[in-house]
file target10.txt (compact mmCIF, C-alpha atoms)
# COMPACT_ATOMS: atom_id res chain seq x y z
CA MET A 1 52.61 5.15 155.67
CA ASN A 2 54.89 2.73 153.83
CA THR A 3 55.15 -0.19 156.28
CA THR A 4 58.80 -0.81 155.44
CA THR A 5 59.67 2.54 157.03
CA LEU A 6 57.05 2.38 159.79
CA PHE A 7 59.60 1.89 162.57
CA ASP A 8 61.63 4.95 161.53
CA ASP A 9 58.95 7.37 162.79
CA THR A 10 60.61 8.81 165.89
CA ASN A 11 57.89 11.41 166.46
CA VAL A 12 55.45 8.60 167.33
CA ALA A 13 58.13 6.43 168.99
CA PHE A 14 59.27 9.06 171.52
CA ALA A 15 56.11 11.14 171.92
CA LEU A 16 55.96 10.31 175.66
CA LYS A 17 59.63 11.09 176.34
CA THR A 18 60.73 14.50 177.58
CA ASP A 19 63.98 15.99 176.27
CA SER A 20 65.77 15.02 179.49
CA GLN A 21 64.47 11.43 179.33
CA LEU A 22 65.68 11.23 175.75
CA GLN A 23 69.15 12.42 176.82
CA ARG A 24 69.24 9.84 179.61
CA ALA A 25 68.30 7.11 177.12
CA TYR A 26 71.10 8.23 174.80
CA PHE A 27 73.61 8.19 177.65
CA LEU A 28 72.55 4.70 178.78
CA PHE A 29 72.64 3.10 175.34
CA LYS A 30 76.00 4.75 174.68
CA MET A 31 77.35 3.15 177.87
CA ILE A 32 75.78 -0.23 177.02
CA SER A 33 77.42 -0.18 173.60
CA TYR A 34 80.84 -0.73 175.23
CA GLN A 35 81.01 -4.40 176.24
CA PRO A 36 83.99 -4.07 178.63
CA LEU A 37 82.20 -1.21 180.39
CA VAL A 38 79.09 -3.37 180.87
CA ARG A 39 81.19 -6.15 182.43
CA VAL A 40 83.03 -3.78 184.78
CA GLY A 41 79.83 -1.87 185.59
CA ALA A 42 77.97 -5.07 186.40
CA ALA A 43 80.73 -6.29 188.74
CA ALA A 44 81.03 -2.90 190.44
CA THR A 45 77.25 -2.60 190.90
CA ASN A 46 76.98 -6.08 192.39
CA PHE A 47 79.83 -5.32 194.77
CA ALA A 48 78.37 -1.96 195.82
CA LEU A 49 74.93 -3.45 196.53
CA LYS A 50 76.34 -6.42 198.48
CA ALA A 51 78.53 -4.07 200.49
CA ASN A 52 75.46 -1.88 201.19
CA LEU A 53 77.13 1.17 199.69
CA PRO A 54 74.72 4.08 199.11
CA VAL A 55 74.31 3.58 195.35
CA GLU A 56 70.59 2.81 195.08
CA GLY A 57 69.69 6.45 194.42
CA LEU A 58 72.13 6.66 191.52
CA ILE A 59 70.92 3.33 190.08
CA ARG A 60 67.30 4.41 190.50
CA SER A 61 67.75 7.70 188.65
CA THR A 62 69.60 6.14 185.71
CA VAL A 63 69.35 2.53 184.55
CA PHE A 64 66.49 1.49 186.88
CA ASP A 65 64.07 4.26 185.93
CA HIS A 66 64.79 3.76 182.24
CA PHE A 67 64.18 -0.01 182.16
CA CYS A 68 61.78 -0.47 185.13
CA GLY A 69 58.38 0.86 186.08
CA GLY A 70 59.06 1.21 189.80
CA VAL A 71 59.66 -0.67 193.03
CA ASN A 72 56.05 -1.90 193.35
CA GLU A 73 52.92 -2.15 191.21
CA GLU A 74 51.44 1.12 192.48
CA ASP A 75 54.69 2.83 191.50
CA CYS A 76 54.14 1.61 187.92
CA GLU A 77 50.61 3.01 187.59
CA PRO A 78 51.50 6.40 186.02
CA ILE A 79 53.60 4.62 183.36
CA ILE A 80 50.82 2.10 182.68
CA ASP A 81 48.29 4.91 182.30
CA ILE A 82 50.38 7.19 180.08
CA MET A 83 51.43 4.37 177.71
CA PHE A 84 47.81 3.33 177.35
CA THR A 85 46.93 6.81 176.05
CA LYS A 86 49.00 5.76 173.01
CA GLY A 87 47.36 2.34 172.78
CA VAL A 88 50.21 0.40 174.42
CA SER A 89 49.19 -2.04 177.16
CA SER A 90 51.42 -3.17 180.04
CA VAL A 91 52.56 -6.56 181.33
CA LEU A 92 53.85 -6.02 184.87
CA ASP A 93 56.91 -8.25 185.33
CA TYR A 94 57.98 -8.88 188.93
CA SER A 95 61.68 -9.18 188.09
CA VAL A 96 63.11 -10.52 191.34
CA GLU A 97 65.40 -13.45 190.49
CA GLY A 98 67.51 -16.12 192.13
CA LYS A 99 65.54 -16.71 195.33
CA GLU A 100 65.60 -20.20 196.85
CA GLU A 101 63.36 -19.99 199.95
CA GLU A 102 59.77 -21.22 200.21
CA SER A 103 58.72 -17.88 201.71
CA ALA A 104 60.10 -16.07 198.63
CA PHE A 105 58.13 -18.40 196.32
CA ASP A 106 54.94 -17.74 198.29
CA ASP A 107 55.64 -14.00 198.17
CA CYS A 108 56.08 -14.19 194.40
CA ARG A 109 52.80 -16.10 194.00
CA ASP A 110 51.00 -13.54 196.20
CA LYS A 111 52.51 -10.73 194.12
CA ILE A 112 51.21 -12.28 190.87
CA LEU A 113 47.75 -12.84 192.40
CA LYS A 114 47.72 -9.21 193.50
CA ILE A 115 48.70 -8.10 189.96
CA ILE A 116 45.84 -10.19 188.50
CA ARG A 117 43.35 -8.45 190.81
CA PHE A 118 44.99 -5.11 190.00
CA ALA A 119 44.83 -5.92 186.27
CA ASP A 120 41.18 -6.90 186.47
CA GLU A 121 40.37 -3.26 187.23
CA LYS A 122 42.61 -1.82 184.49
CA GLU A 123 41.91 -2.24 180.79
CA ALA A 124 45.57 -1.40 180.15
CA MET A 125 46.71 -4.68 181.79
CA PRO A 126 45.18 -7.67 179.95
CA ILE A 127 48.18 -9.95 180.59
CA VAL A 128 50.36 -11.02 183.56
CA VAL A 129 53.66 -12.91 183.59
CA PHE A 130 55.84 -15.00 185.90
CA LYS A 131 58.99 -17.15 185.76
CA PRO A 132 58.79 -20.83 186.76
CA THR A 133 61.75 -20.34 189.14
CA GLY A 134 59.75 -17.57 190.82
CA PHE A 135 57.53 -20.37 192.17
CA GLY A 136 60.07 -23.11 192.93
CA ARG A 137 63.73 -24.10 193.13
CA PHE A 138 65.67 -24.46 189.88
CA HIS A 139 67.18 -27.75 191.09
CA LEU A 140 63.71 -29.24 191.55
CA TYR A 141 62.70 -28.52 187.93
CA GLN A 142 66.05 -29.90 186.78
CA LYS A 143 65.72 -33.11 188.80
CA ILE A 144 62.21 -33.77 187.46
CA GLY A 145 63.23 -32.89 183.90
CA GLU A 146 66.11 -35.37 184.08
CA GLY A 147 63.71 -38.11 185.17
CA ASN A 148 65.17 -38.53 188.65
CA VAL A 149 62.95 -39.71 191.52
CA LEU A 150 62.13 -37.04 194.09
CA THR A 151 62.55 -37.69 197.80
CA PRO A 152 59.31 -37.53 199.86
CA ASP A 153 60.24 -34.01 201.02
CA GLU A 154 61.02 -32.92 197.46
CA GLN A 155 57.68 -34.35 196.29
CA LYS A 156 55.87 -32.22 198.89
CA GLU A 157 57.93 -29.25 197.73
CA TRP A 158 56.97 -29.91 194.09
CA ASP A 159 53.30 -30.22 195.08
CA ARG A 160 53.56 -26.70 196.49
CA VAL A 161 55.08 -25.48 193.18
CA VAL A 162 52.16 -27.02 191.27
CA ALA A 163 49.70 -25.44 193.72
CA ARG A 164 51.27 -21.99 193.14
CA PHE A 165 50.94 -22.39 189.37
CA ASP A 166 47.37 -23.57 189.78
CA SER A 167 46.26 -20.73 192.07
CA VAL A 168 47.58 -18.13 189.60
CA CYS A 169 46.08 -19.78 186.51
CA LYS A 170 42.74 -20.32 188.28
CA LEU A 171 42.40 -16.67 189.30
CA ALA A 172 43.52 -15.55 185.84
CA LYS A 173 40.80 -17.71 184.27
CA GLU A 174 38.18 -16.30 186.67
CA ASN A 175 39.23 -12.73 185.81
CA ASP A 176 39.81 -13.35 182.08
CA ILE A 177 43.45 -12.26 182.32
CA GLU A 178 46.04 -14.05 180.18
CA VAL A 179 49.13 -15.56 181.89
CA LEU A 180 52.52 -15.70 180.16
CA ILE A 181 54.92 -18.21 181.72
CA ASP A 182 58.51 -17.30 180.85
CA GLY A 183 61.07 -19.72 179.44
CA GLU A 184 64.34 -20.41 181.26
CA GLU A 185 67.41 -22.65 180.86
CA SER A 186 66.93 -25.82 178.81
CA TRP A 187 68.02 -28.20 181.57
CA MET A 188 65.06 -27.19 183.76
CA GLN A 189 62.61 -26.38 180.95
CA ASP A 190 61.16 -29.88 180.36
CA ALA A 191 59.56 -29.93 183.81
CA ALA A 192 58.27 -26.38 183.33
CA ASP A 193 56.89 -27.27 179.87
CA ASN A 194 55.00 -30.26 181.26
CA LEU A 195 53.57 -28.20 184.10
CA CYS A 196 52.51 -25.45 181.65
CA GLU A 197 50.82 -28.11 179.50
CA ASP A 198 48.91 -29.40 182.54
CA MET A 199 47.69 -25.86 183.23
CA MET A 200 46.67 -25.38 179.59
CA ARG A 201 44.74 -28.66 179.66
CA LYS A 202 42.90 -27.50 182.77
CA TYR A 203 42.30 -23.80 182.04
CA ASN A 204 42.43 -23.37 178.24
CA THR A 205 39.24 -25.30 177.58
CA THR A 206 37.45 -22.53 175.66
CA LYS A 207 40.28 -20.12 174.83
CA PRO A 208 43.96 -19.64 175.70
CA ILE A 209 44.47 -18.21 179.20
CA VAL A 210 47.81 -19.91 179.94
CA TYR A 211 50.74 -19.27 177.56
CA ASN A 212 54.10 -21.03 177.60
CA THR A 213 57.24 -19.57 175.99
CA LEU A 214 59.06 -20.88 172.91
CA GLN A 215 62.74 -19.89 172.90
CA THR A 216 63.45 -20.25 169.22
CA TYR A 217 67.24 -20.20 169.53
CA ARG A 218 66.64 -23.85 170.51
CA TRP A 219 66.62 -26.08 167.42
CA ASP A 220 63.96 -28.42 168.87
CA ARG A 221 61.19 -25.88 169.45
CA VAL A 222 59.34 -26.11 166.13
CA ASP A 223 58.88 -29.86 166.66
CA TYR A 224 57.81 -29.25 170.27
CA LEU A 225 55.20 -26.72 169.12
CA LYS A 226 53.76 -29.13 166.54
CA SER A 227 53.64 -32.08 168.94
CA LEU A 228 51.90 -30.02 171.64
CA HIS A 229 49.40 -28.81 169.04
CA GLU A 230 48.56 -32.44 168.21
CA ARG A 231 48.06 -33.26 171.91
CA ALA A 232 45.88 -30.16 172.34
CA LYS A 233 43.66 -31.15 169.42
CA ALA A 234 43.34 -34.69 170.79
CA GLY A 235 42.64 -33.36 174.31
CA SER A 236 40.27 -30.57 173.20
CA PHE A 237 42.15 -27.67 174.76
CA LYS A 238 43.69 -24.49 173.35
CA ILE A 239 47.33 -23.45 173.62
CA GLY A 240 49.06 -20.09 173.86
CA PHE A 241 52.68 -19.25 173.14
CA LYS A 242 54.94 -16.29 173.58
CA ILE A 243 57.72 -16.65 171.02
CA VAL A 244 61.13 -15.13 171.70
CA ARG A 245 64.62 -15.77 170.41
CA GLY A 246 66.08 -16.49 173.87
CA ALA A 247 68.18 -15.06 176.67
CA TYR A 248 70.64 -17.70 177.88
CA MET A 249 72.69 -18.52 174.78
CA GLU A 250 76.23 -18.28 176.19
CA LYS A 251 75.28 -20.13 179.36
CA GLU A 252 73.61 -22.89 177.29
CA ARG A 253 76.59 -23.37 174.96
CA ASN A 254 79.14 -23.30 177.78
CA ARG A 255 77.25 -25.93 179.79
CA ALA A 256 76.83 -28.20 176.75
CA GLU A 257 80.54 -27.98 175.99
CA LYS A 258 81.55 -28.54 179.61
CA ASN A 259 79.27 -31.56 180.04
CA GLY A 260 79.87 -33.05 176.60
CA TYR A 261 76.38 -33.02 175.11
CA LYS A 262 74.99 -31.50 171.90
CA SER A 263 74.17 -27.82 172.38
CA PRO A 264 70.42 -27.12 172.35
CA ILE A 265 71.15 -23.78 170.65
CA CYS A 266 70.96 -23.24 166.88
CA ASP A 267 74.32 -23.04 165.10
CA ASN A 268 73.92 -19.40 164.12
CA LYS A 269 71.69 -16.33 164.14
CA GLN A 270 70.22 -17.06 160.72
CA VAL A 271 68.92 -20.47 161.81
CA THR A 272 67.44 -18.88 164.95
CA ASP A 273 65.69 -16.25 162.81
CA GLU A 274 64.33 -18.98 160.54
CA ASN A 275 63.13 -20.92 163.61
CA PHE A 276 61.40 -17.84 165.00
CA ASP A 277 59.64 -17.15 161.70
CA ALA A 278 58.68 -20.84 161.33
CA CYS A 279 57.03 -20.87 164.79
CA MET A 280 55.26 -17.58 164.05
CA THR A 281 54.05 -18.82 160.66
CA TYR A 282 52.78 -22.11 162.10
CA ILE A 283 50.80 -20.35 164.84
CA LEU A 284 49.33 -17.72 162.53
CA ASN A 285 48.13 -20.58 160.31
CA ASN A 286 46.48 -22.22 163.34
CA LEU A 287 44.90 -19.31 165.23
CA ASN A 288 41.75 -21.33 165.89
CA ASP A 289 43.77 -23.50 168.27
CA ILE A 290 46.79 -21.38 169.26
CA SER A 291 47.20 -17.77 170.43
CA LEU A 292 50.41 -15.84 169.80
CA PHE A 293 52.42 -13.26 171.72
CA ILE A 294 55.28 -12.09 169.47
CA GLY A 295 58.03 -11.05 171.89
CA THR A 296 60.66 -9.46 169.70
CA HIS A 297 62.84 -6.41 169.13
CA ASN A 298 63.54 -7.59 165.59
CA GLU A 299 61.95 -5.21 163.09
CA GLN A 300 62.02 -7.71 160.21
CA SER A 301 60.04 -10.27 162.23
CA CYS A 302 57.44 -7.59 163.00
CA TYR A 303 57.17 -6.59 159.34
CA LEU A 304 56.78 -10.26 158.40
CA ALA A 305 54.02 -10.75 160.99
CA MET A 306 52.19 -7.65 159.73
CA LYS A 307 52.41 -8.87 156.13
CA MET A 308 51.21 -12.36 157.03
CA MET A 309 48.29 -10.98 159.05
CA ALA A 310 47.28 -8.80 156.09
CA ASP A 311 47.66 -11.68 153.61
CA MET A 312 45.64 -14.05 155.82
CA GLY A 313 42.94 -11.48 156.60
CA ILE A 314 43.72 -11.51 160.34
CA ASP A 315 42.34 -8.35 161.93
CA LYS A 316 44.93 -6.11 163.62
CA THR A 317 42.81 -6.14 166.80
CA ASP A 318 42.38 -9.93 166.91
CA ASN A 319 43.11 -10.82 170.54
CA ASN A 320 44.86 -14.02 169.40
CA VAL A 321 47.86 -11.94 168.21
CA TRP A 322 49.90 -9.58 170.38
CA PHE A 323 53.25 -7.87 169.85
CA GLY A 324 55.49 -7.24 172.86
CA GLN A 325 58.73 -5.42 173.67
CA LEU A 326 60.55 -4.55 176.86
CA TYR A 327 59.97 -1.22 178.58
CA GLY A 328 62.84 1.16 177.80
CA MET A 329 63.68 -0.52 174.48
CA SER A 330 62.39 -0.50 170.89
CA ASP A 331 59.81 2.24 171.41
CA ASN A 332 59.99 2.73 167.65
CA ILE A 333 58.40 -0.72 167.25
CA SER A 334 55.89 -0.62 170.13
CA PHE A 335 54.39 2.81 169.63
CA ASN A 336 54.32 2.71 165.83
CA LEU A 337 52.59 -0.69 165.87
CA ALA A 338 50.05 0.65 168.38
CA GLU A 339 49.54 3.76 166.24
CA GLN A 340 48.63 1.42 163.36
CA GLY A 341 46.05 -0.36 165.52
CA TYR A 342 47.85 -3.59 166.47
CA ASN A 343 47.67 -5.18 169.94
CA VAL A 344 50.90 -4.15 171.68
CA ALA A 345 52.14 -4.63 175.24
CA LYS A 346 55.29 -3.51 176.98
CA TYR A 347 56.90 -5.79 179.58
CA VAL A 348 57.29 -3.44 182.57
CA PRO A 349 59.76 -4.89 185.13
CA PHE A 350 59.41 -3.82 188.75
CA GLY A 351 60.66 -4.74 192.21
CA PRO A 352 63.09 -3.49 194.87
CA VAL A 353 66.18 -1.93 193.25
CA LYS A 354 68.61 -4.39 194.83
CA ASP A 355 66.56 -7.45 193.83
CA VAL A 356 65.99 -6.32 190.24
CA MET A 357 69.69 -5.67 189.48
CA PRO A 358 70.42 -9.23 188.20
CA TYR A 359 67.63 -8.73 185.66
CA LEU A 360 68.95 -5.31 184.62
CA ILE A 361 72.51 -6.59 184.24
CA ARG A 362 71.26 -9.41 182.00
CA ARG A 363 69.39 -6.85 179.90
CA ALA A 364 72.55 -4.78 179.46
CA GLU A 365 74.60 -7.86 178.57
CA GLU A 366 71.96 -8.96 176.04
CA ASN A 367 72.07 -5.55 174.40
CA THR A 368 75.81 -5.74 173.92
CA SER A 369 75.54 -9.22 172.40
CA VAL A 370 72.73 -8.40 169.95
CA ALA A 371 74.43 -6.92 166.92
CA GLY A 372 72.96 -3.58 165.94
CA GLN A 373 70.47 -3.26 168.84
CA THR A 374 72.18 -0.42 170.72
CA SER A 375 73.35 1.37 167.57
CA ARG A 376 69.77 1.30 166.27
CA GLU A 377 68.50 2.82 169.54
CA LEU A 378 71.23 5.50 169.45
CA ASN A 379 70.51 6.42 165.83
CA LEU A 380 66.78 6.77 166.51
CA ILE A 381 67.43 9.02 169.51
CA LYS A 382 69.79 11.17 167.43
CA GLN A 383 67.15 11.39 164.72
CA GLU A 384 64.48 12.47 167.23
CA ASN A 385 66.79 15.09 168.80
CA LYS A 386 67.43 16.51 165.34
CA ARG A 387 63.70 16.53 164.54
CA ARG A 388 62.91 18.40 167.79
CA LYS A 389 65.59 21.02 167.14
CA LEU A 390 64.20 21.64 163.67
call {"tool": "encode", "arguments": {"input": "target10.txt", "output": "structure tokens"}}
result
Amino acid sequence: MNTTTLFDDTNVAFALKTDSQLQRAYFLFKMISYQPLVRVGAAATNFALKANLPVEGLIRSTVFDHFCGGVNEEDCEPIIDIMFTKGVSSVLDYSVEGKEEESAFDDCRDKILKIIRFADEKEAMPIVVFKPTGFGRFHLYQKIGEGNVLTPDEQKEWDRVVARFDSVCKLAKENDIEVLIDGEESWMQDAADNLCEDMMRKYNTTKPIVYNTLQTYRWDRVDYLKSLHERAKAGSFKIGFKIVRGAYMEKERNRAEKNGYKSPICDNKQVTDENFDACMTYILNNLNDISLFIGTHNEQSCYLAMKMMADMGIDKTDNNVWFGQLYGMSDNISFNLAEQGYNVAKYVPFGPVKDVMPYLIRRAEENTSVAGQTSRELNLIKQENKRRKL
């Protein structure tokens, strides 16, 4: 197949979707394409859940089941298994956000440890993921990142955050499961970056187990990547990175403007794309030291990665290179890449319906802000419907 049209093959892309699932996908992306509707829908959903109105069933049968694997890891198992029949692995993503209690952080750690043990028995789950704020308070990361001295109680609290990171990375190393640590807002990210680096230094001695995330809509990330690479070479450890464009752009720009500092976000989409490709190119040129998880829904970036791998003689199955997309989106990329023999994993969010809604709302808002994303999904679904009728 001509690789420039690889992602147009809807037969491969939607092979696992029934006609009714395809119709639901069309309905959802049609709704998401209207920005005012997303804003109103998000507000109404939040209100309904807080008021304990009986809307969970409706949410579950529509947006939740399309973008999430289930309410717990066992719930996700049929999806994990069926996707793996097409060569697509799963990264279970416990998508509960915004908790501030120590008990919630311990629960999140225990959930990730359970997923690692669960993954150790399933070939389809070579990777796990967690968010730094799943293991500790946002304010704590921010205070450390800003160079402020912690109180004795806060220091004990931070020690517990470090211990949670360490217990997850240690078990992952023992079970040979890779750990992706998600990126978050820039004003807490320095502390998270430093903690990720400590974990890499400790557990990536022979190969990358711990991966940090590069949000390439930040103009400083290429320099950060290169400087960490130099420290890794000097310290004799490997590094791993998931590269993404980023998910907090409006929030980042608004905060920078409000507080009068230079925005950490690139001036425009083109510069972000160039940043993404620069990070990808640098890592592919240094695969002996750095492993790469390409987290993107951008078809051009995927084509570029495929071309570079071919030009450099990097095997499609080389475990140092993975492609990843979110469950419920860009199946045309995921399943066609897998069909061609590349390493591909879907992020599969899960958790109680009420707790996962902030994540789902952010996903919907991202879709409306990414030009062409929803229209591309809608056109592919139309194309597949037409193909099935014929």
call {"tool": "residues_near_point", "arguments": {"input": "target10.txt", "point": "(68.6, -2.0, 186.3)", "cutoff": "6 Å", "atoms": "all atoms listed in the file", "output": "PyMOL selection string"}}
result
chain A and resi 63-64+357+360
call {"tool": "residues_around", "arguments": {"input": "target10.txt", "residues": "Gly69 of chain A", "least_positions_apart": "4", "cutoff": "8 Å", "atoms": "only C-alpha atoms", "output": "PDB file with C-alpha atoms, keeping the file's coordinate frame"}}
result
ATOM      1  CA  ASP A  65      64.070   4.260 185.930  1.00  0.00           C
ATOM      2  CA  ASP A  75      54.690   2.830 191.500  1.00  0.00           C
ATOM      3  CA  CYS A  76      54.140   1.610 187.920  1.00  0.00           C
ATOM      4  CA  ILE A  79      53.600   4.620 183.360  1.00  0.00           C
ATOM      5  CA  TYR A 327      59.970  -1.220 178.580  1.00  0.00           C
ATOM      6  CA  VAL A 348      57.290  -3.440 182.570  1.00  0.00           C
ATOM      7  CA  PRO A 349      59.760  -4.890 185.130  1.00  0.00           C
ATOM      8  CA  PHE A 350      59.410  -3.820 188.750  1.00  0.00           C
TER       9      PHE A 350
END
call {"tool": "atom_distance", "arguments": {"input": "target10.txt", "atom1": "atom CA of Ala192 of chain A", "atom2": "atom CA of Gln155 of chain A"}}
result
15.2 Å
call {"tool": "closest_residue", "arguments": {"input": "target10.txt", "among": "A:Leu58, A:Cys279, A:Ile209, A:Leu28", "to": "His229 of chain A", "atoms": "all atoms listed in the file"}}
result
A:Cys279
call {"tool": "residues_around", "arguments": {"input": "target10.txt", "residues": "Phe118 of chain A", "least_positions_apart": "5", "cutoff": "10 Å", "atoms": "only C-alpha atoms", "output": "ChimeraX atom specification"}}
result
/A:73-74,112-113,125
call {"tool": "write_last_selection", "arguments": {"input": "target10.txt", "atoms": "C-alpha atoms", "output": "short mmCIF file (atom, residue, chain, number, x, y, z; two decimals), in the frame of the given file"}}
result
data_model
loop_
_atom_site.label_atom_id
_atom_site.label_comp_id
_atom_site.auth_asym_id
_atom_site.auth_seq_id
_atom_site.Cartn_x
_atom_site.Cartn_y
_atom_site.Cartn_z
CA GLU A 73 52.92 -2.15 191.21
CA GLU A 74 51.44 1.12 192.48
CA ILE A 112 51.21 -12.28 190.87
CA LEU A 113 47.75 -12.84 192.40
CA MET A 125 46.71 -4.68 181.79
#
call {"tool": "residues_around", "arguments": {"input": "target10.txt", "residues": "segment 339-344 of chain A", "least_positions_apart": "3", "cutoff": "8 Å", "atoms": "all atoms listed in the file", "output": "PyMOL selection string"}}
result
chain A and resi 12+86-89+316-319+321-324+334-336
call {"tool": "atom_distance", "arguments": {"input": "target10.txt", "atom1": "atom CA of Tyr347 of chain A", "atom2": "atom CA of Glu157 of chain A"}}
result
29.7 Å
call {"tool": "residues_around", "arguments": {"input": "target10.txt", "residues": "Phe27 of chain A", "least_positions_apart": "6", "cutoff": "12 Å", "atoms": "all atoms listed in the file", "output": "VMD selection string"}}
result
chain A and resid 20 to 21 33 to 34 62 to 63 66 374 377 to 378 381 to 382
call {"tool": "residues_near_point", "arguments": {"input": "target10.txt", "point": "(54.3, -27.8, 193.8)", "cutoff": "12 Å", "atoms": "all atoms listed in the file", "output": "MDAnalysis selection string"}}
result
chainID A and resid 102 105:106 109 132:137 140:141 144 153:167 191:192 195
call {"tool": "decode", "arguments": {"input": "target10.txt", "residues": "segment 25-39 of chain A", "atoms": "N, CA and C atoms", "output": "short mmCIF file (atom, residue, chain, number, x, y, z; two decimals), in the first residue's frame"}}
result
data_model
loop_
_atom_site.label_atom_id
_atom_site.label_comp_id
_atom_site.auth_asym_id
_atom_site.auth_seq_id
_atom_site.Cartn_x
_atom_site.Cartn_y
_atom_site.Cartn_z
N ALA A 25 -20.37 6.56 17.16
CA ALA A 25 -19.17 7.38 16.97
C ALA A 25 -19.49 8.60 16.11
N TYR A 26 -20.28 8.39 15.07
CA TYR A 26 -20.64 9.50 14.18
C TYR A 26 -21.43 10.56 14.96
N PHE A 27 -22.39 10.10 15.74
CA PHE A 27 -23.22 11.00 16.54
C PHE A 27 -22.35 11.81 17.51
N LEU A 28 -21.42 11.14 18.20
CA LEU A 28 -20.59 11.82 19.19
C LEU A 28 -19.68 12.87 18.55
N PHE A 29 -19.02 12.50 17.46
CA PHE A 29 -18.12 13.46 16.82
C PHE A 29 -18.88 14.62 16.19
N LYS A 30 -20.12 14.34 15.75
CA LYS A 30 -20.96 15.41 15.23
C LYS A 30 -21.28 16.41 16.35
N MET A 31 -21.61 15.88 17.53
CA MET A 31 -21.90 16.75 18.68
C MET A 31 -20.66 17.56 19.08
N ILE A 32 -19.50 16.86 19.12
CA ILE A 32 -18.26 17.50 19.55
C ILE A 32 -17.83 18.60 18.58
N SER A 33 -18.26 18.50 17.34
CA SER A 33 -17.84 19.49 16.34
C SER A 33 -18.45 20.86 16.59
N TYR A 34 -19.48 20.94 17.44
CA TYR A 34 -20.10 22.23 17.76
C TYR A 34 -19.56 22.73 19.11
N GLN A 35 -18.67 23.71 19.06
CA GLN A 35 -18.01 24.19 20.29
C GLN A 35 -18.99 24.69 21.36
N PRO A 36 -19.99 25.50 20.99
CA PRO A 36 -20.93 25.95 22.03
C PRO A 36 -21.65 24.78 22.71
N LEU A 37 -21.95 23.76 21.92
CA LEU A 37 -22.64 22.57 22.46
C LEU A 37 -21.75 21.86 23.48
N VAL A 38 -20.45 21.78 23.19
CA VAL A 38 -19.51 21.14 24.11
C VAL A 38 -19.48 21.90 25.43
N ARG A 39 -19.44 23.24 25.34
CA ARG A 39 -19.39 24.06 26.57
C ARG A 39 -20.65 23.88 27.41
#
